[in-house]
file final_7.txt (compact mmCIF, C-alpha atoms)
# COMPACT_ATOMS: atom_id res chain seq x y z
CA MET A 203 72.57 -16.42 15.11
CA VAL A 204 75.23 -16.02 12.42
CA LYS A 205 77.18 -19.20 11.71
CA LEU A 206 80.87 -19.24 12.48
CA LYS A 207 83.22 -19.74 9.54
CA ILE A 208 85.73 -22.38 10.57
CA LYS A 209 88.76 -22.79 8.36
CA TYR A 210 89.83 -26.13 9.81
CA PRO A 211 88.00 -29.37 9.01
CA ILE A 212 86.08 -30.71 12.02
CA ILE A 213 86.05 -34.44 12.76
CA VAL A 214 83.08 -35.71 14.81
CA GLU A 215 81.79 -39.17 15.68
CA GLY A 216 78.34 -39.47 14.12
CA LYS A 217 75.75 -37.93 11.84
CA TYR A 218 73.85 -36.24 14.69
CA ASP A 219 77.08 -34.58 15.84
CA LYS A 220 77.57 -33.38 12.25
CA ILE A 221 74.03 -31.98 12.17
CA LYS A 222 74.78 -30.08 15.40
CA ILE A 223 78.03 -28.61 14.06
CA ASP A 224 76.41 -27.74 10.71
CA SER A 225 73.81 -25.70 12.61
CA ILE A 226 76.57 -23.67 14.30
CA ALA A 227 79.34 -23.37 11.73
CA ASP A 228 80.15 -23.29 8.05
CA ALA A 229 82.96 -25.81 7.84
CA CYS A 230 84.03 -29.09 6.36
CA VAL A 231 82.58 -31.60 8.86
CA LEU A 232 83.50 -35.27 8.57
CA THR A 233 82.13 -38.13 10.66
CA THR A 234 84.17 -41.10 11.83
CA GLY A 235 81.15 -43.40 11.96
CA GLY A 236 82.06 -44.17 15.56
CA PHE A 237 84.19 -47.28 15.98
CA SER A 238 83.80 -48.15 12.29
CA LEU A 239 86.76 -45.80 11.77
CA PHE A 240 89.01 -48.59 13.09
CA LYS A 241 88.18 -50.71 10.02
CA ASN A 242 87.60 -47.93 7.51
CA ASN A 243 90.91 -47.19 5.78
CA GLU A 244 89.12 -44.94 3.28
CA LYS A 245 87.86 -42.60 6.00
CA LEU A 246 91.23 -42.59 7.75
CA ALA A 247 92.92 -41.73 4.44
CA VAL A 248 90.62 -38.71 4.06
CA ILE A 249 91.42 -37.57 7.61
CA ARG A 250 95.15 -37.93 6.85
CA ARG A 251 94.71 -35.92 3.65
CA LEU A 252 92.91 -33.14 5.51
CA ALA A 253 95.64 -33.08 8.17
CA ARG A 254 98.38 -32.90 5.52
CA ALA A 255 96.75 -29.75 4.17
CA GLY A 256 96.77 -28.10 7.62
CA LYS A 257 95.26 -28.54 11.02
CA ILE A 258 92.12 -30.53 11.83
CA ILE A 259 89.77 -30.13 14.79
CA VAL A 260 88.81 -33.35 16.58
CA LEU A 261 85.58 -32.91 18.55
CA CYS A 262 84.51 -36.27 19.97
CA ASP A 263 82.37 -37.03 23.00
CA SER A 264 84.15 -36.76 26.35
CA ASP A 265 83.67 -40.41 27.26
CA GLY A 266 85.61 -43.64 26.88
CA ALA A 267 84.49 -44.20 23.28
CA GLY A 268 85.46 -40.66 22.30
CA LYS A 269 88.84 -41.16 23.93
CA LEU A 270 89.50 -44.31 21.87
CA ILE A 271 88.52 -42.58 18.62
CA ARG A 272 90.73 -39.58 19.46
CA SER A 273 93.62 -41.93 20.19
CA HIS A 274 93.16 -43.73 16.87
CA ILE A 275 93.18 -40.45 14.93
CA SER A 276 96.20 -39.23 16.93
CA SER A 277 98.12 -42.37 15.99
CA ALA A 278 97.47 -41.72 12.27
CA VAL A 279 98.02 -37.95 12.09
CA PRO A 280 100.91 -35.80 13.36
CA LYS A 281 99.87 -34.46 16.77
CA GLU A 282 100.89 -30.92 15.82
CA ASN A 283 98.18 -30.97 13.14
CA ILE A 284 95.38 -31.83 15.57
CA ILE A 285 93.34 -29.38 17.61
CA GLN A 286 91.67 -31.44 20.33
CA LEU A 287 88.40 -29.96 21.62
CA TYR A 288 86.56 -31.56 24.54
CA THR A 289 82.94 -31.09 25.47
CA PRO A 290 82.31 -30.61 29.18
CA GLN A 291 81.18 -33.73 31.01
CA ILE A 292 77.53 -32.87 31.56
CA LYS A 293 75.22 -35.55 32.92
CA GLY A 294 72.14 -36.09 30.80
CA ARG A 295 70.55 -37.82 27.82
CA GLU A 296 70.23 -36.75 24.20
CA LYS A 297 66.61 -35.98 23.27
CA ARG A 298 66.42 -38.65 20.57
CA LYS A 299 67.64 -41.43 22.89
CA THR A 300 65.55 -43.50 25.27
CA GLN A 301 68.45 -44.37 27.59
CA ASP A 302 71.44 -42.58 29.02
CA SER A 303 74.79 -43.25 27.39
CA LYS A 304 77.03 -45.85 29.06
CA GLU A 305 78.76 -43.19 31.15
CA GLY A 306 75.70 -40.92 31.45
CA TYR A 307 77.21 -37.85 29.77
CA LEU A 308 75.85 -35.75 26.94
CA GLY A 309 77.71 -36.12 23.67
CA VAL A 310 78.44 -33.42 21.10
CA GLU A 311 74.86 -33.60 19.81
CA GLY A 312 73.40 -33.04 23.29
CA VAL A 313 75.64 -30.24 24.58
CA ASP A 314 74.15 -26.76 24.33
CA ALA A 315 74.88 -25.09 20.99
CA GLY A 316 76.22 -22.01 22.80
CA ILE A 317 78.90 -24.10 24.50
CA ILE A 318 79.96 -25.68 21.20
CA ARG A 319 79.96 -22.26 19.55
CA ASP A 320 82.24 -20.86 22.28
CA MET A 321 84.60 -23.81 21.81
CA LEU A 322 84.85 -23.18 18.07
CA LEU A 323 84.97 -19.37 18.22
CA PRO A 324 88.79 -19.12 18.57
CA TYR A 325 89.12 -20.99 15.27
CA SER A 326 86.67 -18.90 13.29
CA ASP A 327 87.75 -16.69 10.43
CA GLU A 328 85.13 -14.38 8.92
CA SER A 329 87.11 -14.09 5.69
CA PHE A 330 87.21 -17.86 5.21
CA GLU A 331 84.80 -19.66 2.93
CA PHE A 332 84.96 -23.44 2.66
CA VAL A 333 84.76 -24.45 -0.97
CA GLY A 334 85.02 -28.18 -1.44
CA ALA A 335 84.41 -29.87 -4.77
CA ASP A 336 80.70 -29.37 -5.46
CA ILE A 337 80.22 -32.69 -7.23
CA THR A 338 77.31 -35.11 -7.32
CA LYS A 339 76.66 -38.74 -8.22
CA LEU A 340 75.64 -37.48 -11.65
CA ASP A 341 79.11 -35.94 -12.09
CA PHE A 342 80.63 -39.29 -11.17
CA TYR A 343 78.48 -40.98 -13.81
CA MET A 344 79.26 -38.38 -16.49
CA ASP A 345 82.99 -38.67 -15.71
CA GLY A 346 82.88 -42.47 -15.96
CA LEU A 347 83.40 -43.15 -12.26
CA THR A 348 80.11 -45.04 -11.87
CA GLY A 349 77.71 -46.91 -14.10
CA LYS A 350 80.19 -47.74 -16.87
CA GLU A 351 82.05 -50.91 -17.77
CA ASN A 352 85.44 -49.63 -16.54
CA SER A 353 84.18 -47.41 -13.70
CA ARG A 354 86.05 -49.23 -10.96
CA GLU A 355 89.33 -49.01 -12.85
CA ARG A 356 88.65 -45.34 -13.58
CA ARG A 357 87.94 -44.62 -9.89
CA ASN A 358 91.21 -46.33 -8.95
CA LEU A 359 93.17 -44.14 -11.39
CA VAL A 360 91.54 -40.98 -10.02
CA ALA A 361 92.09 -42.17 -6.43
CA ARG A 362 95.76 -42.82 -7.14
CA TYR A 363 96.13 -39.37 -8.75
CA LEU A 364 94.53 -37.71 -5.71
CA GLY A 365 96.43 -39.78 -3.16
CA LEU A 366 93.38 -41.69 -1.95
CA PRO A 367 93.23 -45.45 -1.39
CA GLU A 368 92.19 -47.56 -4.35
CA ASP A 369 89.01 -49.66 -4.39
CA MET A 370 86.96 -47.03 -2.57
CA THR A 371 83.21 -47.37 -2.96
CA PRO A 372 81.69 -44.63 -5.14
CA ASN A 373 79.93 -43.09 -2.12
CA ALA A 374 83.08 -43.07 0.02
CA MET A 375 85.11 -41.56 -2.79
CA LEU A 376 82.47 -38.88 -3.43
CA GLU A 377 82.47 -37.92 0.26
CA ALA A 378 86.28 -37.83 0.34
CA ILE A 379 86.56 -35.59 -2.72
CA ARG A 380 83.85 -33.22 -1.46
CA ALA A 381 85.63 -32.90 1.89
CA ALA A 382 89.28 -32.72 0.95
CA TYR A 383 89.62 -31.44 -2.61
CA SER A 384 88.68 -28.38 -4.60
CA MET A 385 86.71 -28.52 -7.84
CA GLU A 386 89.91 -27.66 -9.72
CA GLU A 387 91.74 -30.63 -8.16
CA TYR A 388 88.86 -32.94 -9.08
CA LYS A 389 88.76 -31.68 -12.67
CA SER A 390 92.53 -32.04 -12.93
CA ALA A 391 92.28 -35.64 -11.76
CA ILE A 392 89.61 -36.39 -14.35
CA GLU A 393 91.58 -34.70 -17.16
CA ASN A 394 94.89 -36.32 -16.28
CA THR A 395 93.77 -39.91 -15.89
CA THR A 396 92.72 -42.14 -18.75
CA ILE A 397 92.17 -45.85 -19.17
CA CYS A 398 94.50 -47.28 -21.79
call {"tool": "encode", "arguments": {"input": "final_7.txt", "output": "structure tokens"}}
result
Amino acid sequence: MVKLKIKYPIIVEGKYDKIKIDSIADACVLTTGGFSLFKNNEKLAVIRRLARAGKIIVLCDSDGAGKLIRSHISSAVPKENIIQLYTPQIKGREKRKTQDSKEGYLGVEGVDAGIIRDMLLPYSDESFEFVGADITKLDFYMDGLTGKENSRERRNLVARYLGLPEDMTPNAMLEAIRAAYSMEEYKSAIENTTIC
């Protein structure tokens, strides 16, 4: 089956949801880390950045936890920039789990791929190709963002330039830049920020 090309970033709850979406679509897929989103200002800043650039798709489980996460995102992002997609409430258990979820419904990872594909189909664009910044931890090291005496200060300057929160961990910042910025924007941030 040919993957859908989705031009809008897709926000899901966990890594297994991301794996499911990655098997169906070529898109920027970002996880909330479940309820950790409530304490993770870095992740919320990335979601805000993505929403400022256009619409985002929120695809959380159709249970109480998913509802709370949706509500938290909706309070941080203009509602007109959010496409809310809801999985059908299907009773069952994900294959990797030994117990049913609290409410007994399948989450994004457990719902049939065909159903998820049909939900995303209206937002597909065959001419679209997601091109985030293709950077690695080695790039961060070479650009002085990790492993150097002033790396933290350097990351803060780049974060400020890009409109991200300061004091992000290197891993969080790497994920944010890959998801929300082009390679040109990253290079511009590196070239236009220096430690005095």
call {"tool": "residues_around", "arguments": {"input": "final_7.txt", "residues": "A:Gly235", "least_positions_apart": "2", "cutoff": "12 Å", "atoms": "all atoms listed in the file", "output": "PyMOL selection string"}}
result
chain A and resi 213-220+232-233+237-242+244-246+262+267-268+271
call {"tool": "closest_residue", "arguments": {"input": "final_7.txt", "among": "A:Ser264, A:Gln291, A:Ser326, A:Asn243", "to": "A:Lys205", "atoms": "only C-alpha atoms"}}
result
A:Ser326
call {"tool": "closest_residue", "arguments": {"input": "final_7.txt", "among": "A:Ala382, A:Ile221, A:Leu287, A:Ala361", "to": "A:Ile317", "atoms": "only C-alpha atoms"}}
result
A:Leu287
call {"tool": "residues_near_point", "arguments": {"input": "final_7.txt", "point": "(88.5, -30.6, -2.3)", "cutoff": "12 Å", "atoms": "all atoms listed in the file", "output": "PyMOL selection string"}}
result
chain A and resi 211+230+248+251-252+255+332-337+364+375-391
call {"tool": "atom_distance", "arguments": {"input": "final_7.txt", "atom1": "atom CA of A:Ser276", "atom2": "atom CA of A:Val231"}}
result
17.6 Å
call {"tool": "residues_around", "arguments": {"input": "final_7.txt", "residues": "A:Val313", "least_positions_apart": "4", "cutoff": "9 Å", "atoms": "all atoms listed in the file", "output": "number ranges by chain"}}
result
A: 289-290, 292, 296, 308-309, 317-318
